[in-house]
Each structure stands twice: as structure tokens, then as C-alpha cells.
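Here's target-v1.cif, which has mmCIF, C-alpha atoms:
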data_structure
#
loop_
_atom_site.label_atom_id
_atom_site.label_comp_id
_atom_site.auth_asym_id
_atom_site.auth_seq_id
_atom_site.Cartn_x
_atom_site.Cartn_y
_atom_site.Cartn_z
CA MET S 1437 -23.62 1.17 -1.37
CA GLY S 1438 -25.24 -0.14 -4.49
CA SER S 1439 -25.73 3.03 -6.58
CA SER S 1440 -24.07 6.28 -7.59
CA ASP S 1441 -26.66 8.16 -5.48
CA GLU S 1442 -25.45 6.26 -2.44
CA MET S 1443 -21.84 7.07 -3.38
CA THR S 1444 -22.73 10.76 -3.54
CA THR S 1445 -24.44 10.48 -0.17
CA GLY S 1446 -21.37 8.72 1.18
CA ARG S 1447 -19.12 11.50 -0.08
CA ALA S 1448 -21.31 14.07 1.62
CA ALA S 1449 -21.17 12.01 4.80
CA LEU S 1450 -17.38 11.94 4.60
CA MET S 1451 -17.24 15.72 4.25
CA THR S 1452 -19.66 16.10 7.17
CA MET S 1453 -17.56 13.82 9.32
CA THR S 1454 -14.53 15.90 8.37
CA ALA S 1455 -16.15 19.10 9.58
CA VAL S 1456 -17.38 17.53 12.81
CA ALA S 1457 -14.02 15.91 13.54
CA LEU S 1458 -12.12 19.14 12.92
CA ALA S 1459 -14.49 21.07 15.16
CA CYS S 1460 -14.32 18.57 18.00
CA ALA S 1461 -10.66 17.53 17.82
CA PRO S 1462 -9.18 20.42 19.87
CA VAL S 1463 -11.58 19.56 22.71
CA VAL S 1464 -10.74 15.87 22.95
CA ALA S 1465 -6.95 15.96 22.66
CA GLY S 1466 -3.91 18.05 23.37
CA SER S 1467 -2.54 17.78 19.83
CA VAL S 1468 -4.27 17.08 16.53
CA ASN S 1469 -2.67 16.21 13.21
CA GLY S 1470 -4.10 15.22 9.91
CA SER S 1471 -4.18 15.55 6.17
CA PHE S 1472 -6.78 16.00 3.47
CA ALA S 1473 -6.12 15.11 -0.16
CA LEU S 1474 -8.10 15.82 -3.31
CA GLY S 1475 -6.94 14.32 -6.58
CA THR S 1476 -7.85 13.44 -10.13
CA GLY S 1477 -6.32 11.02 -12.57
CA TYR S 1478 -6.55 9.03 -15.78
CA LEU S 1479 -5.87 5.37 -16.59
CA ASP S 1480 -5.80 3.77 -20.03
CA ASN S 1481 -6.19 0.35 -18.37
CA PRO S 1482 -7.97 0.75 -15.02
CA LEU S 1483 -8.67 -3.00 -14.70
CA GLY S 1484 -5.26 -4.11 -15.97
CA ILE S 1485 -6.57 -5.97 -19.04
CA SER S 1486 -6.08 -5.39 -22.74
CA ASP S 1487 -9.68 -4.52 -23.71
CA ASP S 1488 -10.13 -1.99 -20.88
CA LYS S 1489 -12.05 1.22 -21.39
CA PRO S 1490 -9.97 4.28 -20.39
CA ALA S 1491 -11.31 6.09 -17.36
CA GLY S 1492 -10.74 9.21 -15.35
CA TYR S 1493 -11.15 9.21 -11.59
CA LEU S 1494 -11.57 11.46 -8.58
CA ILE S 1495 -10.19 10.68 -5.12
CA GLN S 1496 -10.64 12.22 -1.69
CA SER S 1497 -8.77 11.19 1.44
CA LEU S 1498 -8.96 12.36 5.04
CA ARG S 1499 -6.71 11.36 7.94
CA LEU S 1500 -7.10 12.64 11.49
CA SER S 1501 -5.21 11.67 14.63
CA SER S 1502 -5.33 12.89 18.21
CA THR S 1503 -2.24 12.25 20.32
CA PHE S 1504 -2.12 11.95 24.09
CA ASP S 1505 1.51 11.96 25.24
CA SER S 1506 3.43 12.04 28.50
CA GLU S 1507 6.35 14.17 29.58
CA PRO S 1508 9.69 12.39 28.94
CA ASP S 1509 11.62 11.00 31.88
CA ALA S 1510 14.28 13.57 32.81
CA ASP S 1511 17.03 10.96 33.18
CA ARG S 1512 16.31 8.42 30.48
CA LEU S 1513 14.41 10.67 28.04
CA ILE S 1514 11.61 8.13 27.70
CA SER S 1515 8.13 9.15 26.59
CA HIS S 1516 4.86 7.33 25.97
CA ALA S 1517 2.02 8.33 23.67
CA PHE S 1518 -1.39 7.07 22.63
CA LYS S 1519 -2.87 8.00 19.28
CA LEU S 1520 -6.50 7.76 18.16
CA GLY S 1521 -7.00 7.94 14.43
CA TYR S 1522 -9.55 8.02 11.64
CA GLU S 1523 -8.94 7.41 7.94
CA GLY S 1524 -11.48 7.90 5.17
CA ASN S 1525 -10.96 7.34 1.44
CA PHE S 1526 -13.40 7.92 -1.40
CA SER S 1527 -12.99 7.36 -5.15
CA GLU S 1528 -15.18 7.73 -8.22
CA PHE S 1529 -14.35 6.36 -11.69
CA GLY S 1530 -15.83 7.38 -15.01
CA ASN S 1531 -16.81 5.44 -18.14
CA ASP S 1532 -19.01 2.93 -16.27
CA THR S 1533 -16.04 1.05 -14.81
CA ASN S 1534 -17.85 0.62 -11.44
CA LEU S 1535 -14.54 0.83 -9.57
CA GLY S 1536 -15.65 3.60 -7.20
CA ASN S 1537 -15.47 2.77 -3.52
CA MET S 1538 -15.32 4.16 0.01
CA ARG S 1539 -13.20 3.00 2.93
CA HIS S 1540 -13.51 4.12 6.56
CA GLY S 1541 -11.10 3.04 9.28
CA VAL S 1542 -10.65 3.85 12.98
CA GLY S 1543 -7.64 2.83 15.03
CA VAL S 1544 -5.58 3.21 18.16
CA GLU S 1545 -1.78 3.11 18.59
CA TRP S 1546 0.68 3.14 21.48
CA PHE S 1547 4.26 4.44 21.21
CA ARG S 1548 7.22 4.20 23.55
CA SER S 1549 10.18 6.37 22.49
CA GLU S 1550 13.60 6.70 24.06
CA ARG S 1551 16.14 9.29 22.91
CA LEU S 1552 19.70 8.02 22.62
CA SER S 1553 20.98 10.95 24.69
CA ALA S 1554 20.13 14.52 25.62
CA GLN S 1555 22.28 15.69 22.70
CA ASP S 1556 21.13 13.09 20.17
CA PRO S 1557 17.58 13.54 18.82
CA ARG S 1558 17.42 9.99 17.39
CA THR S 1559 15.08 7.62 19.18
CA ASN S 1560 14.64 3.92 19.72
CA SER S 1561 10.99 3.01 19.77
CA LEU S 1562 8.41 0.32 20.36
CA SER S 1563 4.84 0.62 19.12
CA ALA S 1564 1.65 -1.39 18.82
CA GLY S 1565 -1.74 -0.70 17.33
CA GLY S 1566 -4.86 -1.86 15.60
CA GLN S 1567 -7.42 -0.65 13.08
CA PHE S 1568 -10.95 -1.66 12.13
CA ALA S 1569 -12.02 -0.74 8.59
CA LEU S 1570 -14.95 -1.15 6.19
CA ARG S 1571 -14.79 -0.92 2.41
CA ARG S 1572 -17.84 -0.51 0.20
CA TYR S 1573 -17.87 -0.67 -3.62
CA GLU S 1574 -20.19 0.56 -6.34
CA ASP S 1575 -22.84 -1.47 -8.15
CA TYR S 1576 -21.22 -4.52 -9.80
CA TYR S 1577 -18.41 -4.89 -7.28
CA THR S 1578 -20.54 -4.74 -4.11
CA ILE S 1579 -19.99 -8.50 -3.74
CA TYR S 1580 -16.41 -7.58 -2.75
CA ASP S 1581 -17.44 -5.40 0.19
CA TYR S 1582 -15.44 -6.37 3.25
CA SER S 1583 -14.63 -5.63 6.88
CA ASP S 1584 -11.02 -5.67 7.98
CA VAL S 1585 -9.15 -5.85 11.31
CA TYR S 1586 -5.41 -5.15 11.37
CA SER S 1587 -3.02 -5.24 14.34
CA TYR S 1588 0.75 -4.85 14.64
CA LEU S 1589 3.74 -4.71 16.97
CA ALA S 1590 6.80 -2.80 15.70
CA PHE S 1591 10.23 -1.68 16.85
CA ARG S 1592 13.07 0.61 15.77
CA HIS S 1593 16.57 0.37 17.28
CA TYR S 1594 19.83 2.17 16.50
CA SER S 1595 22.93 0.01 16.78
CA GLY S 1596 25.91 2.34 16.94
CA SER S 1597 25.94 5.62 15.08
CA HIS S 1598 25.31 4.34 11.55
CA VAL S 1599 23.03 1.29 11.77
CA LEU S 1600 19.26 1.15 12.23
CA TRP S 1601 17.23 -2.02 12.77
CA SER S 1602 13.46 -2.03 12.44
CA GLY S 1603 10.70 -4.55 12.01
CA TYR S 1604 7.14 -5.54 12.74
CA ALA S 1605 4.86 -8.51 13.28
CA ALA S 1606 1.26 -8.06 12.13
CA ALA S 1607 -1.97 -9.87 11.41
CA ARG S 1608 -4.91 -9.01 9.17
CA VAL S 1609 -8.36 -10.60 9.37
CA ARG S 1610 -10.60 -9.80 6.40
CA ARG S 1611 -14.20 -10.89 6.00
CA TYR S 1612 -16.24 -10.81 2.75
CA SER S 1613 -19.91 -11.11 3.67
CA GLU S 1614 -21.13 -12.16 0.21
CA LEU S 1615 -18.07 -14.23 -0.76
CA PRO S 1616 -17.10 -16.09 2.44
CA GLU S 1617 -14.62 -18.24 0.51
CA GLU S 1618 -12.49 -15.10 -0.01
CA SER S 1619 -12.26 -14.37 3.74
CA TYR S 1620 -8.80 -14.88 5.21
CA VAL S 1621 -6.37 -14.45 8.09
CA GLU S 1622 -2.91 -13.15 7.18
CA PRO S 1623 -0.11 -13.20 9.76
CA HIS S 1624 3.03 -11.54 8.38
CA GLY S 1625 6.19 -9.78 9.48
CA GLN S 1626 9.26 -7.92 8.30
CA LEU S 1627 12.82 -7.26 9.49
CA LYS S 1628 14.82 -4.36 8.04
CA PHE S 1629 18.49 -3.34 8.28
CA GLN S 1630 19.73 0.14 7.28
CA ARG S 1631 23.32 1.39 7.09
CA PHE S 1632 24.14 5.10 6.76
CA PHE S 1633 27.48 6.19 5.31
CA ALA S 1634 29.30 9.51 5.54
CA SER S 1635 29.37 9.61 1.73
CA ARG S 1636 25.58 10.36 1.62
CA THR S 1637 24.88 6.70 0.89
CA THR S 1638 22.08 4.73 2.54
CA LEU S 1639 21.85 0.95 2.15
CA ALA S 1640 18.76 -0.98 3.25
CA LEU S 1641 17.93 -4.68 3.21
CA SER S 1642 14.60 -6.10 4.34
CA ALA S 1643 13.00 -9.54 4.46
CA ARG S 1644 9.26 -10.21 4.72
CA TYR S 1645 7.34 -13.43 5.32
CA GLY S 1646 3.59 -13.89 5.16
CA VAL S 1647 0.97 -16.63 5.25
CA LYS S 1648 -2.62 -16.30 4.10
CA PHE S 1649 -5.22 -18.77 5.44
CA TYR S 1650 -8.67 -18.84 3.82
CA ASN S 1651 -10.46 -19.59 7.06
CA ASP S 1652 -14.12 -20.04 6.10
CA SER S 1653 -15.37 -23.59 5.55
CA ALA S 1654 -16.73 -22.46 2.15
CA ALA S 1655 -13.14 -22.04 0.91
CA SER S 1656 -12.31 -25.75 0.98
CA VAL S 1657 -15.58 -26.50 -0.85
CA ILE S 1658 -15.10 -23.83 -3.55
CA TRP S 1659 -11.40 -24.52 -4.14
CA ASP S 1660 -11.82 -28.29 -3.69
CA THR S 1661 -9.12 -28.82 -1.06
CA PRO S 1662 -9.11 -31.50 1.68
CA SER S 1663 -8.52 -28.84 4.34
CA LEU S 1664 -8.72 -25.05 4.48
CA PRO S 1665 -6.53 -23.67 1.65
CA SER S 1666 -3.55 -21.42 2.32
CA THR S 1667 -0.61 -19.78 0.57
CA SER S 1668 2.69 -18.32 1.77
CA GLN S 1669 5.44 -16.14 0.39
CA MET S 1670 8.93 -14.85 1.22
CA ALA S 1671 10.07 -11.46 -0.11
CA THR S 1672 13.26 -9.43 0.10
CA ARG S 1673 14.11 -5.86 -0.85
CA LEU S 1674 17.54 -4.33 -1.42
CA LYS S 1675 17.52 -0.54 -1.61
CA ILE S 1676 20.32 1.97 -2.10
CA ALA S 1677 20.13 5.77 -2.11
CA GLN S 1678 23.01 8.06 -3.02
CA GLY S 1679 22.98 11.79 -2.47
CA LEU S 1680 25.04 13.54 -5.13
CA SER S 1681 24.50 17.01 -3.65
CA ASP S 1682 21.98 18.89 -1.52
CA ARG S 1683 19.64 18.95 -4.54
CA ILE S 1684 20.25 15.70 -6.45
CA SER S 1685 20.00 12.08 -5.40
CA LEU S 1686 19.81 8.65 -6.99
CA ARG S 1687 18.02 5.60 -5.66
CA GLY S 1688 17.67 2.01 -6.76
CA ARG S 1689 15.63 -0.94 -5.54
CA VAL S 1690 15.48 -4.67 -6.20
CA ASP S 1691 12.52 -6.74 -4.97
CA SER S 1692 12.37 -10.54 -5.05
CA ARG S 1693 9.46 -12.81 -4.11
CA TRP S 1694 9.33 -16.59 -3.68
CA THR S 1695 6.10 -18.55 -3.40
CA LEU S 1696 6.52 -21.17 -0.67
CA SER S 1697 3.11 -22.78 -1.11
CA ASP S 1698 0.99 -22.50 -4.23
CA PHE S 1699 -1.84 -20.01 -4.55
CA PRO S 1700 -5.19 -21.89 -4.41
CA TYR S 1701 -7.06 -22.42 -7.67
CA TYR S 1702 -9.67 -24.78 -9.10
CA VAL S 1703 -9.92 -26.44 -12.51
CA ALA S 1704 -12.74 -28.74 -13.66
CA ASP S 1705 -14.19 -29.15 -17.15
CA ASP S 1706 -14.45 -25.54 -18.44
CA ILE S 1707 -14.23 -23.87 -14.99
CA PHE S 1708 -11.06 -22.03 -13.98
CA ASP S 1709 -11.25 -20.15 -10.69
CA SER S 1710 -9.09 -18.81 -7.87
CA PRO S 1711 -9.32 -16.36 -4.98
CA LEU S 1712 -8.78 -12.67 -5.73
CA LEU S 1713 -5.32 -12.26 -7.20
CA ASP S 1714 -2.75 -10.30 -5.21
CA THR S 1715 1.02 -10.37 -4.60
CA TYR S 1716 0.73 -13.85 -3.07
CA ALA S 1717 -0.42 -15.14 -6.48
CA HIS S 1718 2.90 -14.56 -8.26
CA GLU S 1719 6.61 -14.73 -7.60
CA GLY S 1720 9.45 -13.01 -9.41
CA TRP S 1721 11.38 -9.78 -9.16
CA ASP S 1722 11.16 -6.02 -9.75
CA VAL S 1723 13.98 -3.51 -10.22
CA LEU S 1724 13.59 0.27 -10.04
CA GLY S 1725 15.87 3.24 -10.64
CA ALA S 1726 15.10 6.91 -9.92
CA LEU S 1727 16.66 10.34 -10.13
CA LYS S 1728 15.38 13.06 -7.79
CA TRP S 1729 16.24 16.73 -8.21
CA LEU S 1730 15.29 19.86 -6.30
CA GLY S 1731 14.94 22.44 -9.05
CA PRO S 1732 14.07 26.11 -9.32
CA ALA S 1733 11.13 27.40 -7.27
CA GLN S 1734 11.73 24.52 -4.83
CA VAL S 1735 10.07 21.96 -7.11
CA TRP S 1736 11.04 18.34 -6.56
CA THR S 1737 11.33 16.47 -9.87
CA GLU S 1738 11.61 12.68 -9.98
CA LEU S 1739 12.25 10.44 -13.01
CA VAL S 1740 11.57 6.72 -12.50
CA ALA S 1741 11.95 3.56 -14.58
CA SER S 1742 11.15 0.03 -13.41
CA ARG S 1743 10.94 -3.48 -14.80
CA GLY S 1744 9.47 -6.61 -13.26
CA GLU S 1745 8.83 -10.26 -14.00
CA HIS S 1746 5.74 -11.81 -12.38
CA ASP S 1747 5.27 -15.58 -12.70
CA TYR S 1748 1.91 -17.06 -11.65
CA GLY S 1749 3.36 -20.57 -11.50
CA SER S 1750 1.11 -23.54 -12.09
CA MET S 1751 -2.13 -21.56 -11.89
CA LEU S 1752 -4.26 -21.97 -15.03
CA PHE S 1753 -6.31 -19.19 -16.64
CA ALA S 1754 -9.41 -19.74 -18.78
CA THR S 1755 -7.96 -18.53 -22.09
CA SER S 1756 -8.01 -21.91 -23.83
CA PRO S 1757 -9.92 -25.18 -23.30
CA GLU S 1758 -6.93 -26.64 -21.43
CA GLY S 1759 -6.10 -23.44 -19.55
CA ASP S 1760 -2.90 -21.40 -19.81
CA THR S 1761 -0.14 -20.40 -17.42
CA ARG S 1762 0.74 -16.73 -17.06
CA LEU S 1763 4.00 -14.79 -17.01
CA ASP S 1764 3.99 -10.96 -17.15
CA ILE S 1765 6.87 -8.59 -17.92
CA VAL S 1766 5.92 -5.16 -16.55
CA ARG S 1767 7.70 -1.91 -17.43
CA ASP S 1768 6.82 1.46 -15.91
CA TYR S 1769 8.23 4.86 -16.87
CA TYR S 1770 7.00 7.98 -15.13
CA ALA S 1771 7.89 11.46 -13.94
CA SER S 1772 6.54 13.43 -11.00
CA LEU S 1773 6.65 17.04 -9.85
CA GLU S 1774 6.04 18.03 -6.22
CA LYS S 1775 5.93 21.43 -4.61
CA SER S 1776 5.00 22.79 -1.20
CA LEU S 1777 2.75 25.77 -1.91
CA ASN S 1778 3.67 27.61 1.29
CA GLY S 1779 7.29 26.49 1.59
CA GLN S 1780 6.63 24.66 4.86
CA ARG S 1781 6.57 21.00 5.85
CA LYS S 1782 2.89 21.36 6.77
CA GLY S 1783 0.34 23.08 4.60
CA PRO S 1784 -0.75 22.57 0.99
CA LYS S 1785 1.36 20.45 -1.35
CA LEU S 1786 0.78 19.74 -5.06
CA ARG S 1787 1.97 16.58 -6.83
CA LEU S 1788 1.69 15.82 -10.56
CA THR S 1789 2.53 12.41 -12.03
CA GLY S 1790 2.44 11.08 -15.57
CA GLY S 1791 3.78 7.92 -17.13
CA TRP S 1792 3.49 4.85 -19.33
CA ARG S 1793 2.98 1.18 -18.44
CA ASP S 1794 3.95 -1.58 -20.86
CA GLN S 1795 2.91 -5.08 -19.80
CA SER S 1796 3.85 -8.06 -21.96
CA SER S 1797 2.11 -11.28 -21.00
CA THR S 1798 1.93 -14.86 -22.23
CA ILE S 1799 -1.86 -14.39 -22.07
CA ALA S 1800 -3.27 -11.89 -24.57
CA ALA S 1801 -5.90 -10.56 -22.15
CA TYR S 1802 -3.15 -9.21 -19.88
CA ASP S 1803 -0.92 -7.88 -22.66
CA TYR S 1804 -1.36 -4.10 -22.94
CA ASP S 1805 0.30 -0.69 -22.79
CA GLY S 1806 -1.12 2.68 -21.89
CA LEU S 1807 -0.89 6.03 -20.16
CA PHE S 1808 -1.54 6.92 -16.54
CA ALA S 1809 -1.61 10.36 -14.95
CA SER S 1810 -2.65 11.95 -11.67
CA SER S 1811 -2.70 15.26 -9.83
CA THR S 1812 -3.11 15.50 -6.06
CA LEU S 1813 -3.41 18.47 -3.74
CA THR S 1814 -2.65 17.53 -0.13
CA TRP S 1815 -3.07 19.73 2.91
CA GLN S 1816 -1.27 18.65 6.08
CA PHE S 1817 -2.25 20.26 9.35
#
Step by step, read the file and then write its structure as C-alpha cells.
Amino acid sequence: MGSSDEMTTGRAALMTMTAVALACAPVVAGSVNGSFALGTGYLDNPLGISDDKPAGYLIQSLRLSSTFDSEPDADRLISHAFKLGYEGNFSEFGNDTNLGNMRHGVGVEWFRSERLSAQDPRTNSLSAGGQFALRRYEDYYTIYDYSDVYSYLAFRHYSGSHVLWSGYAAARVRRYSELPEESYVEPHGQLKFQRFFASRTTLALSARYGVKFYNDSAASVIWDTPSLPSTSQMATRLKIAQGLSDRISLRGRVDSRWTLSDFPYYVADDIFDSPLLDTYAHEGWDVLGALKWLGPAQVWTELVASRGEHDYGSMLFATSPEGDTRLDIVRDYYASLEKSLNGQRKGPKLRLTGGWRDQSSTIAAYDYDGLFASSTLTWQF
């Protein structure tokens, strides 16, 4: 996908696949669910750097799933289900940013659900699944095209009437054909505890651990390590939600991340390089507060403010002859409006979001502030 003509062809192919899938789905499965989203947006800093050119964008997303389920056991209320799914995402960006891309994924999942009792609709569950995906970028960024395999095993279990445990173990294998040194294997997992109170309060605490191994032999050559490079991280999240009435609620969240082994990077003479930066590259914390209100005409309004500190540790960036370390302070303020256009859980839904990001960094290239906005129309069926 090396040109805008190919992107246009890809978009047409996605729409064709949508029509074919919708036409064939009732034949191949007893139940079909899905969603289609069309959205537009604007970013002052689409690349997250200070000298960015503002850009608008267009997104399209399609999800389809066909479910094959069994009748629940009359005594134990146990049911099994298999789900086949497809996910397609397409984006175009303006102002020659070359950020447009397409992603196609197909997957299969298995679910085992057990109701707590005939009178209690809550369920304990066990599930497993996998997905194969391809992502293709425009023009300049085609070197970052990749294939991706993801698999997981997850559970959900109620302990008593007010406690829910859940968690998963997963692995991702990603391969970059033109940049083999970026290819990696990422085993990771999470355990989550939730407590529900009669006072409309929900408390949740989760812990996540992940390791990323750069598993191609080119990685140790590029990053100059004696063996294949790797990085690992521990993260926790504390979340609280408080319902003030049937129409108003508050929620807060605190995230913390600790780097357990440094993110790989290379420094020699005037060369400063590292793998693609992601959450494994920095540690720190983020805190978020939000107010949600169901207003007139059944419009959900949400006001959100967040602040985070992201420390990239000993990694050096090429902003001076000796290299510089990086610490970012990120502040986001935004509001969103959401409304179901037919008043039902399924059907068309409109969401509008607008806000401001202020990022202060020890490196001038990452010190910026600017607007972001989006509008998305989603149809669930």
C-alpha cells in the first residue's frame, strides 16, 4: 500500500467486504452481531512533536462476528459458544502527514459461561481466543507494515455477592518485514479485583505485567546487545466510580508503571536510536477525574481532566551532541457528548469529543500544546 490510489482501492475493498459479509452472515451462523463506525477528526499535533503540521482525518471501522452457541445445561446453567470475527479499520490523514493506514484482522474465540443460579443473571466465565491481523501504512511509513498474531486465555469469577475477579494471560507476536529488528514477542497478563457497594460505589484494582522480547537476530546487531534485547514493565490501576443519582456519576483513576528492565537503545558517536517507542519505553503515573451526566434529550455529557508524568529513564535522545534524557508532563482536558439516535442499545449512536492537550517536556521537540476534536457515528447491529 504505497500510494493514496492504493489506499482508495483498499477502502473500496473494505466496503465490498462489508457488503459481502453482511449478505452471507445469516447463512453461516445462527446469530450475527457487528458495528460500523464512520468518523472525522482534527489534531494540532498528529505526530506528538512541537513542529507538527495540523491535520484532519477520516476513519472507518467495521466489526462482524458470528456466534455458534449451545443450549445451557438445565441443572447447572452452563453454556458454550464459539465466535468467528472480522475487524477492519481504515484511516486517512490530511496535510501530507502520511499517517493513513488500514488494518484487517480475523479471529476465533471460545466462551464457557455459567450462571450463578436460575434467579441470578450474573455469570462466571472462561474464554480463549486468537486473532491474526495485518496493518499497512501509506507512503513514507510503509516500512512499518506488520503482521500480528494475538492469543489469550481469560476468566471472570464472582466471589460472593459484591466481589468480581477477572484476569487474562496473553501473548502477541508481531513481525515487521522491512524492519526485522523491530519484531517482537510479548507475553503479558493482568489480574483485576472489583468491589461493588450498596452506596453506588465501585472500586477496582488491577495489576499488569508484561515482557517484550525482540526476537530477530538483527535486533542484537542493531541495538548492540550481547543477546537478544528485551524490556519488561509492571503496571497497576486503581479506579473508583461513584453514582450520585440515576443521571450523574463521578469516576477517578490512578495508573502507575514501573520499568523492570530498561528499554533498548543505542548510542555511538552522533547516532541515537531505539525501537519504536511505546508504553514500555517510559514509567511514571497518570491520574484522571471525570464527571458524567445524562442530560435532556438523553444526551450523555462527560467532562474529563487528566495529568501524567512519563519518565524515559536513561534513554538518550539526539537533541544535543551528548544526548538528552526525557521527562514529559502531560495534561488533557476534554468534553464529550454521546446520544443514541433511536433510543435503543443497538442502532445508530453519535459521539462528539473536543479537548486540549498540554505536554511539557525536558526536550523542546516534545514540548507542545494544541487542540484535538472528533465526531463518530456508530451503528451497532
Which residue is closest to His1624 (chain S)? Choose from S:Leu1600, S:Ala1640, S:Leu1739, S:Met1670 and count only C-alpha atoms.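 Once distances to His1624 (chain S) are computed over only C-alpha atoms, the minimum belongs to S:Met1670.
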request  = Would you please work out which residue, of S:Val1621, S:Ala1655, S:Leu1494, S:Val1542, is nearest to Ala1809 (chain S) when using all atoms listed in the file?
outcome  =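 Looking only at the distances to Ala1809 (chain S), the closest residue turns out to be S:Leu1494.
Relative to CA of Ser1797 (chain S), CA of Ser1692 (chain S) is found at 19.0 Å.
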Judged by all atoms listed in the file, the minimum distance to Gly1477 (chain S) among S:Thr1695, S:Ser1810, S:Gln1630, S:Gln1669 is found for S:Ser1810
CA of Ser1772 (chain S) to CA of Ala1671 (chain S) measures 27.4 Å
Practice problem: Record the distance separating CA of Thr1812 (chain S) and CA of Val1468 (chain S), expressed in Å with one decimal. | Solution: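 Between CA of Thr1812 (chain S) and CA of Val1468 (chain S) the gap is 22.7 Å.
The shortest atom-to-atom distance to Arg1499 (chain S), with only C-alpha atoms taken into account, belongs to S:Gly1470 out of S:Gly1541, S:Gly1470, S:His1516, S:Pro1482.
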Of S:Phe1633, S:Ser1597, S:Thr1761, S:Pro1665, the one nearest to Gly1679 (chain S) when counting only C-alpha atoms is S:Phe1633
Apply the PyMOL selection byres ((chain S and resi 1599) around 9) to the structure shown and report the selected residues as an MDAnalysis selection string.
-> chainID S and resid 1593:1598 1600:1601 1629:1632
Using only C-alpha atoms, give me every residue within 12 Å of (11.9, -8.6, -7.7) in file coordinates, as a JSON list (two decimals) with C-alpha atoms, keeping the file's coordinate frame.
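Ended up saving to out_12.json:
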[["chain", "number", "residue", "atom", "x", "y", "z"],
["S", 1670, "MET", "CA", 8.93, -14.85, 1.22],
["S", 1671, "ALA", "CA", 10.07, -11.46, -0.11],
["S", 1672, "THR", "CA", 13.26, -9.43, 0.10],
["S", 1673, "ARG", "CA", 14.11, -5.86, -0.85],
["S", 1674, "LEU", "CA", 17.54, -4.33, -1.42],
["S", 1675, "LYS", "CA", 17.52, -0.54, -1.61],
["S", 1689, "ARG", "CA", 15.63, -0.94, -5.54],
["S", 1690, "VAL", "CA", 15.48, -4.67, -6.20],
["S", 1691, "ASP", "CA", 12.52, -6.74, -4.97],
["S", 1692, "SER", "CA", 12.37, -10.54, -5.05],
["S", 1693, "ARG", "CA", 9.46, -12.81, -4.11],
["S", 1694, "TRP", "CA", 9.33, -16.59, -3.68],
["S", 1715, "THR", "CA", 1.02, -10.37, -4.60],
["S", 1718, "HIS", "CA", 2.90, -14.56, -8.26],
["S", 1719, "GLU", "CA", 6.61, -14.73, -7.60],
["S", 1720, "GLY", "CA", 9.45, -13.01, -9.41],
["S", 1721, "TRP", "CA", 11.38, -9.78, -9.16],
["S", 1722, "ASP", "CA", 11.16, -6.02, -9.75],
["S", 1723, "VAL", "CA", 13.98, -3.51, -10.22],
["S", 1724, "LEU", "CA", 13.59, 0.27, -10.04],
["S", 1742, "SER", "CA", 11.15, 0.03, -13.41],
["S", 1743, "ARG", "CA", 10.94, -3.48, -14.80],
["S", 1744, "GLY", "CA", 9.47, -6.61, -13.26],
["S", 1745, "GLU", "CA", 8.83, -10.26, -14.00],
["S", 1746, "HIS", "CA", 5.74, -11.81, -12.38],
["S", 1747, "ASP", "CA", 5.27, -15.58, -12.70],
["S", 1765, "ILE", "CA", 6.87, -8.59, -17.92],
["S", 1766, "VAL", "CA", 5.92, -5.16, -16.55]]
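Here the residues that fall within 7 Å of (-4.4, -13.3, 5.9), using only C-alpha atoms, are given as Ala1607, Arg1608, Val1609, Tyr1620, Val1621, Glu1622, Pro1623, Val1647, Lys1648 and Phe1649 of chain S.
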If the PyMOL selection byres ((chain S and resi 1771) around 9) were run on this exact file, what residues would it hold? Put them as a list in words.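 Selected by the PyMOL selection byres ((chain S and resi 1771) around 9) here: Thr1737, Glu1738, Leu1739, Val1740, Ala1741, Tyr1769, Tyr1770, Ser1772, Leu1773, Leu1788, Thr1789, Gly1790 and Gly1791 of chain S.
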| With only C-alpha atoms as the atoms that count, which of S:Ser1506, S:Ser1685, S:Thr1814, S:Ser1563 lies nearest to Lys1775 (chain S)? |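 Smallest distance to Lys1775 (chain S) is found for S:Thr1814.
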Review point. Written as a PyMOL selection string, what is the full residue list that the PyMOL selection byres ((chain S and resi 1495) around 6) yields on the file shown?
Key: chain S and resi 1474-1475+1494+1496+1526-1527
